[in-house]
Each structure stands twice: as C-alpha cells, then as structure tokens.
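Participant: The structure that follows is given in the form of structure tokens.
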Amino acid sequence: MPDKKLHLRITSESHPGRKRSNNEDRFAVDERLGIIILADGMGGHLSGEVASEIATRSLMSKLRLLSKSASSKSESSSRLIEGIKVAITETNFSIYQAASSNAEHKGMGTTVVAIMLNGSSIHVGHVGDSRLYCFRRDKMTRLTTDHSLVQDLVDRGLYTEEQARSASVSHIVTRSLGLKDQVEVDVLTAGLKTGDHLLICTDGLTDMVADWQIREILKEYSYSSEAAVHKLVEAANYHGGRDNISVILAQVCTE
C-alpha cells in the first residue's frame, strides 16, 4: 500500500508590534504545493517592506515552478536544494538591482526563510535571522542558525542564548538579501512525520520570547494552531513588542 501523501495546514499572523507604526515583514504561502516564504525587511524610508515584498513575490513564483517541475520529473533532493539556492540567489540580485536604481531604496535588505514540501521532507533555503523550528512530540528543535553578530558571539562562547536575547547587538544581521550582488545561502533538508508542526518566525518573536516559552505555548495550545499563533504574537507584544512580529505555524497532516 503506498504511503499517504503529506501536506501542510498553514496558519499565520503578523503584527507591527508595539513600537513601530508600519510592518516590514512579508510572507507568502501556497498550502496546496506546500510552499512557505517569510521575509523580514530592513532599511529606511519604507525600503524594508519593498525588499521583503520583492523577496516573497519573486520566490513564490520561482518555487511554484520548481515544485511543479519536481512533481512531473521526480527531481532528486539535491536538485531541489540547488533549485532553491538558485531561486534565492536570483532574488537577491533583483533586490540589489532595485536598491541600486533608486536612491530612496539604497541599503535595503531582507531576511528570508523559504520552505518547499516534497514527499515526506522539506527543503529549505535561509538567509538572515528569521527562524525555522520543528515541534515534535512536545520537543522543539531549531533547524536554522541565525546569520547575526550575536549568534557569532554565542558560537564563540561569549554569550549564552539567554544573554543574546537582550544584547545590544541582537538586531545586527551578518547576511541578508539585497545588500550585495551576491549572497551565501544556507540550505537544509529535514524529514517530517504526521503531527509535526513547523514554526517559521521573524526575530520580532524570538527576541521577545525565549525558546522554552515558545515551546510551552505550543504545548499548551496544541489543540488549535490558530490559538497557538495568536498567543505567540500576544506574548511577543506582552514582553515589549519592539519589532514587527510574524508567526507561521504549519501542521504536517496526511491527505
């Protein structure tokens, strides 16, 4: 008997936070194809939202084509990972060109987490400090590593994870889309099981709410993805809401 096909049931919420009037986060999802893209824009004069908008639109278009090609040709995992990397690299150049051609957008950039479901696995491309977690059987694992100055300091043993959340350099990313004509993209593949939850979020959540608190909220509200997402956004605002907050929760289900 063939294995049942996995799909993602996606719930999302985005909030400007308590300190900012506009929201520079953008996300795009295609539940049918199992594609999720989250971008956290940065840059003055509303340029951050321009960068994140370009990122989500460009990548959704490219990943839809890649997903459909994979379905018809049974592409290998390595080919799909390479396809995601190329899509993000091309999108980076598009943002860089847009910034270079308009003085008002000079210096704009964005983080990105791009996910594509294929069979019983996800393929992921990642740049910046937005994050992807997997919540499985009450345990939460972070699948991405931040490209940030504070993460570098944690890796060198100069900060603990708890100290890093309140560090004055916590907002400085070391890699993003759009600042240079080329970018290094981290990629990964992860196997999924029915009942898993994928949490994709911007640093507006993780700077305000510790991983253990996020895990406890996911456990407490496991009966409802909508309730869990809303509670995570509420918790980020309760703890200060210093930045835009975007939370996407994808439940892994069988069709």
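Identifiers in the structure tokens: chain A, B, ... in order shown; residue index from 1 per chain; ligand index from 1 in order shown.
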For segment 176-182 of chain A, find every residue with an atom within 9 Å (counting only C-alpha atoms), except residues of its own chain fewer than 6 positions away, and show them as an MDAnalysis selection string.
Facilitator: chainID A and resid 51 55 88:99 106:112 127:129 147
Participant: Extract the full set of strand (DSSP E or B) residues from segment 7-224 of chain A according to DSSP on the backbone, and format it as an MDAnalysis selection string.
Facilitator: chainID A and resid 7:15 25:30 35:42 109:110 112:118 121:127 131:136 139:142 148 173 177 186:191 197:201
Participant: I'd like to know which of A:Cys134, A:Val183, A:Ala87, A:Val113 is closest to Arg26 of chain A, using only C-alpha atoms.
Facilitator: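 Looking only at the distances to Arg26 of chain A, the closest residue turns out to be A:Val113.
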Participant: Determine the nearest neighbour of Ile35 of chain A from the options A:Leu63, A:Met208, A:Leu218, A:Ile84, counting only C-alpha atoms.
Facilitator: A:Leu63
Participant: Can you tell me, as a PyMOL selection string, what residues are no more than 9 Å from segment 232-247 of chain A when counting only C-alpha atoms, ignoring any on the same chain fewer than 2 positions away?
Facilitator: chain A and resi 11-20+22-27+38+40+199-209+214+217-218+227-230+249
Participant: For Arg137 of chain A, please output as an MDAnalysis selection string all residues within 8 Å (counting only C-alpha atoms; exclusion window: fewer than 2 positions along the same chain).
Facilitator: chainID A and resid 135 139 196
Participant: Name the closest residue to Thr56 of chain A among the candidates A:Ala28, A:Cys253, A:Leu132, A:Met42; distances are taken between atoms, counting only C-alpha atoms.
Facilitator: A:Ala28
Participant: Any idea what the distance is between atom CA of Ser121 of chain A and atom CA of Ser78 of chain A?
Facilitator: 12.3 Å
Participant: Can you tell me, as a PyMOL selection string, which residues in segment 7-217 of chain A count as alpha helix (DSSP H) by DSSP?
Facilitator: chain A and resi 47-73+77-100+149-155+161-165+203-206+211-217
Participant: With distances taken over only C-alpha atoms, which residue among A:Arg215, A:Thr189, A:Ser101, A:Gly195 lies nearest Met140 of chain A?
Facilitator: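 Smallest separation from Met140 of chain A among the options: A:Arg215.
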Participant: Just the residues within 9 Å of Ser148 of chain A, please, counting only C-alpha atoms, with nothing from its chain fewer than 5 positions along; format it as an MDAnalysis selection string.
Facilitator: chainID A and resid 128:129 153 169:175
